[in-house]
Amino acid sequence: MRNLLTTYGLSRDDAIAILDVAEDMAEVSEREVKKLPTLRGKTVINLFFEDSTRTRISFEAAAKRLSADVINFAAKGSSVSKGENLKDTAQTLAAMGADAVVVRHWASGAPKTLADSGWIDAGIVNAGDGTHEHPTQALLDAFTIRRRLHGTAARGKALDGVTVTIVGDIVHSRVARSNVWLLTTLGAQVTLVAPATLLPVNLTGWPVTVSYDLDDAIAQGPDVIMMLRVQAERMSAAFFPNAREYSRQWGLNDERMRALPASSMVMHPGPMNRGLEISAAAADSPQSTVLEQVANGVSVRMSVLYHLLSGAVER
Amino acid sequence: MSARTVLQHADITRALTRISHEILESNRGSDNLVILGIPTRGVTLAHRIAAVIRSVDSAAIIAGALDVTMYRDDLAQNPTRATGPTDIPAGGIDGKTVVLVDDVLYSGRTIRAALDALGDLGRPRAVRLAVLVDRGHREFPIRADFVGKNLPSSTEERINVRFDEIDGTDEVTIG
């Protein structure tokens with residue numbers, strides 16, 4: 001594997017291989033010495049043009065646990081704020097000898113531009129681009145679901161027949177897009193639930209069913225309910241009347257939590273707007289996987305970096 | 001090229017029974033003994049050896065697994081390898097006598113990686129090595145303490161180990 005830009009087109013076998021190695025990486029994270037020598041001498045650059053705490057430190061922890069050298073590059077306070085363009089930044093990083101660049105950018109497609117441009121020879125990992133994709137988040141979500149369902153016997157398994165309901169701000173969500181492609185590739189059945197204003201206008205080719213009624217979707221008893229963050233920072237227009245209205249119609253409140261089967265997982269990619277899309281009781285319930293998702297994120301990103309940076313280089 | 005069978009089911013069972021007794025003899029019993037197999041077929045062997053030791057010494061020996069993929073020195077030369085599970089029996093390896101188990105001993109590079117992997121898990125009192133087949137051609141100063149069969153081979157030849165638990169049959173072939 002050379003780059004990880006999207007989960008669209010990622011094969012089922014490759015996805016399972018990444019999840020299986022992540023199982024073994026999770027075991028390393030439970031040891032006293034949480035370190036493997038595998039990527040010694042490799043340099044991983046975290047290139048972040050957009051604010052992020054958890055994704056950046058998750059990638060940083062993953063790279064460090066594999067003994068890679070990590071350089072963090074935040075656009076704020078860098079030469080980017082002096083007007084440097086992506087090409088010059090990329091060529092600077094190439095000159096520093098980067099083996100992999102983990103890139104988050106506000107523009108959809110920026111990681112692909114980096115990968116295809118020839119400006120830099122390093123492997124590119126998309127850590128979230130605009131409203132396009134966030135593949136490692138989808139991989140860690142799939143990993144979390146698989147682990148909750150199968151425990152220690154998860155290796156080699158897919159998610160055939162698992163029902164996943166994704167709720168909320170679909171149109172702005174790169175997490176939702178990456179999850180739709182990955183989860184359906186792994187055999188899950190995905191339902192999207194959102195107000196019509198927060199759904200993409202054209203859903204042709206999306207292998208999903210759509211519902212506009214959250215209570216109805218909960219009554220179906222999905223195996224997984226994934227609440228998305230309301231991305232106020234990407235909303236230039238009014239997509240719903242007000243926060244209370246949104247919470248009442250589309251939030252996972254305590255009443256809906258009681259209606260959900262006790263075996264259903266409650267997921268959220270974080271950061272959570274408690275009281276808006278998810279109630280505090282739902283977020284802190286034993287059904288919630290929020291903290292597992294964070295811990296699993298490191299294991300999955302270790303696996304992704306391992307797949308990108310080890311092995312004979314294909315040219 | 002036709003492969004020649006060098007060990008059959010009964011030969012493998014006899015070799016493992018002998019190795020198990022040798023391990024017990026050199027360790028003076030089964031106290032503080034940890035048997036760790038290297039995936040994939042080393043783990044099968046480790047479980048078989050542990051079963052023999054349990055039947056002889058009525059000790060509660062459980063075999064574990066030690067994956068060495070991430071410690072290999074040839075990761076950059078080959079396509080990306082899948083990793084295997086590491087499963088260390090409760091109680092860890094500190095102060096224990098660890099017996100590493102693998103199916104074939106060849107260059108010794110796998111065992112070199114295993115020693116590094118062990119170092120990250122704790123500090124054993126001693127590390128021993130048990131293999132079903134030693135085919136020679138070492139590239140490191142490493143030798144096995146317990147050997148099922150010494151099998152002089154050419155580097156052109158391929159040694160195939162098959163076990164009931166994985167392959168549905170017990171045999172070692174060369175060809």
# chains A, B, ... in the order shown; residues from 1 in each chain; ligands from 1
>>> closest_atom_pairs(of="chain A", to="chain B", cutoff="8 Å", atoms="only C-alpha atoms", output="tab-separated table")
residue	atom	partner	partner_atom	distance
A:Ala17	CA	B:Ala82	CA	7.2
A:Asp20	CA	B:Thr83	CA	7.8
A:Val21	CA	B:Thr83	CA	5.7
A:Glu23	CA	B:Pro85	CA	7.9
A:Asp24	CA	B:Pro85	CA	5.5
A:Glu27	CA	B:Thr86	CA	7.5
A:Arg31	CA	B:Leu121	CA	7.4
A:Glu32	CA	B:Leu121	CA	7.5
A:Val33	CA	B:Asp120	CA	5.9
A:Lys35	CA	B:Asp120	CA	7.8
A:Leu36	CA	B:Met70	CA	6.6
A:Pro37	CA	B:Tyr71	CA	6.3
A:Thr38	CA	B:Met70	CA	5.2
A:His307	CA	B:Thr80	CA	6.3
A:Ser310	CA	B:Ala76	CA	5.7
A:Gly311	CA	B:Thr80	CA	4.2
A:Ala312	CA	B:Ala76	CA	4.9
A:Val313	CA	B:Ala76	CA	7.7
>>> write_last_selection(atoms="C-alpha atoms", output="CSV table (one decimal), in the first residue's frame")
chain,number,residue,atom,x,y,z
A,17,ALA,CA,-5.7,-7.0,6.8
A,20,ASP,CA,-6.1,-7.7,11.8
A,21,VAL,CA,-2.7,-6.0,12.3
A,23,GLU,CA,-5.6,-6.2,16.7
A,24,ASP,CA,-2.0,-7.1,17.3
A,27,GLU,CA,-2.1,-5.9,22.3
A,31,ARG,CA,2.1,-3.8,27.5
A,32,GLU,CA,4.5,-2.1,29.9
A,33,VAL,CA,6.9,-1.3,27.0
A,35,LYS,CA,7.1,0.3,21.7
A,36,LEU,CA,8.1,-1.7,18.6
A,37,PRO,CA,11.3,-1.1,16.6
A,38,THR,CA,9.6,-1.5,13.2
A,307,HIS,CA,1.2,-1.0,5.9
A,310,SER,CA,7.1,-1.4,5.7
A,311,GLY,CA,7.6,-3.8,2.9
A,312,ALA,CA,9.5,-3.5,-0.4
A,313,VAL,CA,8.6,-0.2,-2.1
>>> select_by_dssp(residues="region 2-169 of chain B", states="strand (DSSP E)", output="ChimeraX atom specification")
/B:4-8,33-37,64-65,97-105,126-134,146-150,159-162
>>> write_last_selection(atoms="C-alpha atoms", output="PDB file, in the first residue's frame")
ATOM      1  CA  ARG B   4      10.157 -36.458   0.010  1.00  0.00           C
ATOM      2  CA  THR B   5       8.515 -37.078   3.385  1.00  0.00           C
ATOM      3  CA  VAL B   6      11.120 -37.040   6.148  1.00  0.00           C
ATOM      4  CA  LEU B   7       8.867 -37.078   9.233  1.00  0.00           C
ATOM      5  CA  GLN B   8       5.441 -38.647   9.562  1.00  0.00           C
ATOM      6  CA  LEU B  33       8.671 -22.716  32.782  1.00  0.00           C
ATOM      7  CA  VAL B  34       7.050 -20.680  29.998  1.00  0.00           C
ATOM      8  CA  ILE B  35       6.607 -22.241  26.553  1.00  0.00           C
ATOM      9  CA  LEU B  36       6.236 -19.678  23.758  1.00  0.00           C
ATOM     10  CA  GLY B  37       5.583 -20.639  20.144  1.00  0.00           C
ATOM     11  CA  GLY B  64       1.703 -18.924  24.680  1.00  0.00           C
ATOM     12  CA  ALA B  65       2.568 -17.207  21.426  1.00  0.00           C
ATOM     13  CA  THR B  97      12.783 -19.926  31.912  1.00  0.00           C
ATOM     14  CA  VAL B  98      11.328 -19.258  28.487  1.00  0.00           C
ATOM     15  CA  VAL B  99      11.426 -22.007  25.888  1.00  0.00           C
ATOM     16  CA  LEU B 100      10.962 -20.586  22.390  1.00  0.00           C
ATOM     17  CA  VAL B 101       9.446 -23.074  19.967  1.00  0.00           C
ATOM     18  CA  ASP B 102       9.567 -22.939  16.168  1.00  0.00           C
ATOM     19  CA  ASP B 103       9.061 -25.479  13.420  1.00  0.00           C
ATOM     20  CA  VAL B 104      12.203 -24.954  11.326  1.00  0.00           C
ATOM     21  CA  LEU B 105      15.531 -23.391  12.340  1.00  0.00           C
ATOM     22  CA  ALA B 126      17.009 -17.962  30.779  1.00  0.00           C
ATOM     23  CA  VAL B 127      15.866 -18.458  27.186  1.00  0.00           C
ATOM     24  CA  ARG B 128      16.030 -21.866  25.492  1.00  0.00           C
ATOM     25  CA  LEU B 129      15.180 -22.849  21.937  1.00  0.00           C
ATOM     26  CA  ALA B 130      13.281 -25.933  20.771  1.00  0.00           C
ATOM     27  CA  VAL B 131      12.764 -26.695  17.072  1.00  0.00           C
ATOM     28  CA  LEU B 132      11.242 -29.601  15.204  1.00  0.00           C
ATOM     29  CA  VAL B 133      13.720 -29.403  12.314  1.00  0.00           C
ATOM     30  CA  ASP B 134      17.196 -27.867  12.172  1.00  0.00           C
ATOM     31  CA  PHE B 146      16.275 -29.108  21.781  1.00  0.00           C
ATOM     32  CA  VAL B 147      16.079 -30.481  18.229  1.00  0.00           C
ATOM     33  CA  GLY B 148      13.523 -32.913  16.812  1.00  0.00           C
ATOM     34  CA  LYS B 149      15.548 -33.789  13.735  1.00  0.00           C
ATOM     35  CA  ASN B 150      18.728 -32.479  12.158  1.00  0.00           C
ATOM     36  CA  ILE B 159      11.092 -27.745   3.753  1.00  0.00           C
ATOM     37  CA  ASN B 160       7.358 -27.940   4.313  1.00  0.00           C
ATOM     38  CA  VAL B 161       5.922 -28.570   7.761  1.00  0.00           C
ATOM     39  CA  ARG B 162       2.250 -29.521   8.001  1.00  0.00           C
TER      40      ARG B 162
END
>>> residues_around(residues="Arg248 (chain A)", least_positions_apart="4", cutoff="10 Å", atoms="only C-alpha atoms", output="ChimeraX atom specification")
/A:243-244,252-253,275-277
>>> write_last_selection(atoms="C-alpha atoms", output="short mmCIF file (atom, residue, chain, number, x, y, z; two decimals), in the first residue's frame")
data_model
loop_
_atom_site.label_atom_id
_atom_site.label_comp_id
_atom_site.auth_asym_id
_atom_site.auth_seq_id
_atom_site.Cartn_x
_atom_site.Cartn_y
_atom_site.Cartn_z
CA ALA A 243 -30.09 23.79 18.77
CA ARG A 244 -33.08 22.80 20.91
CA LEU A 252 -29.80 10.76 21.13
CA ASN A 253 -31.55 11.81 24.34
CA GLY A 275 -26.72 17.93 25.09
CA LEU A 276 -26.94 18.64 21.35
CA GLU A 277 -26.52 15.46 19.31
#
>>> atom_distance(atom1="CA of Leu183 (chain A)", atom2="CA of Gly205 (chain A)")
14.8 Å
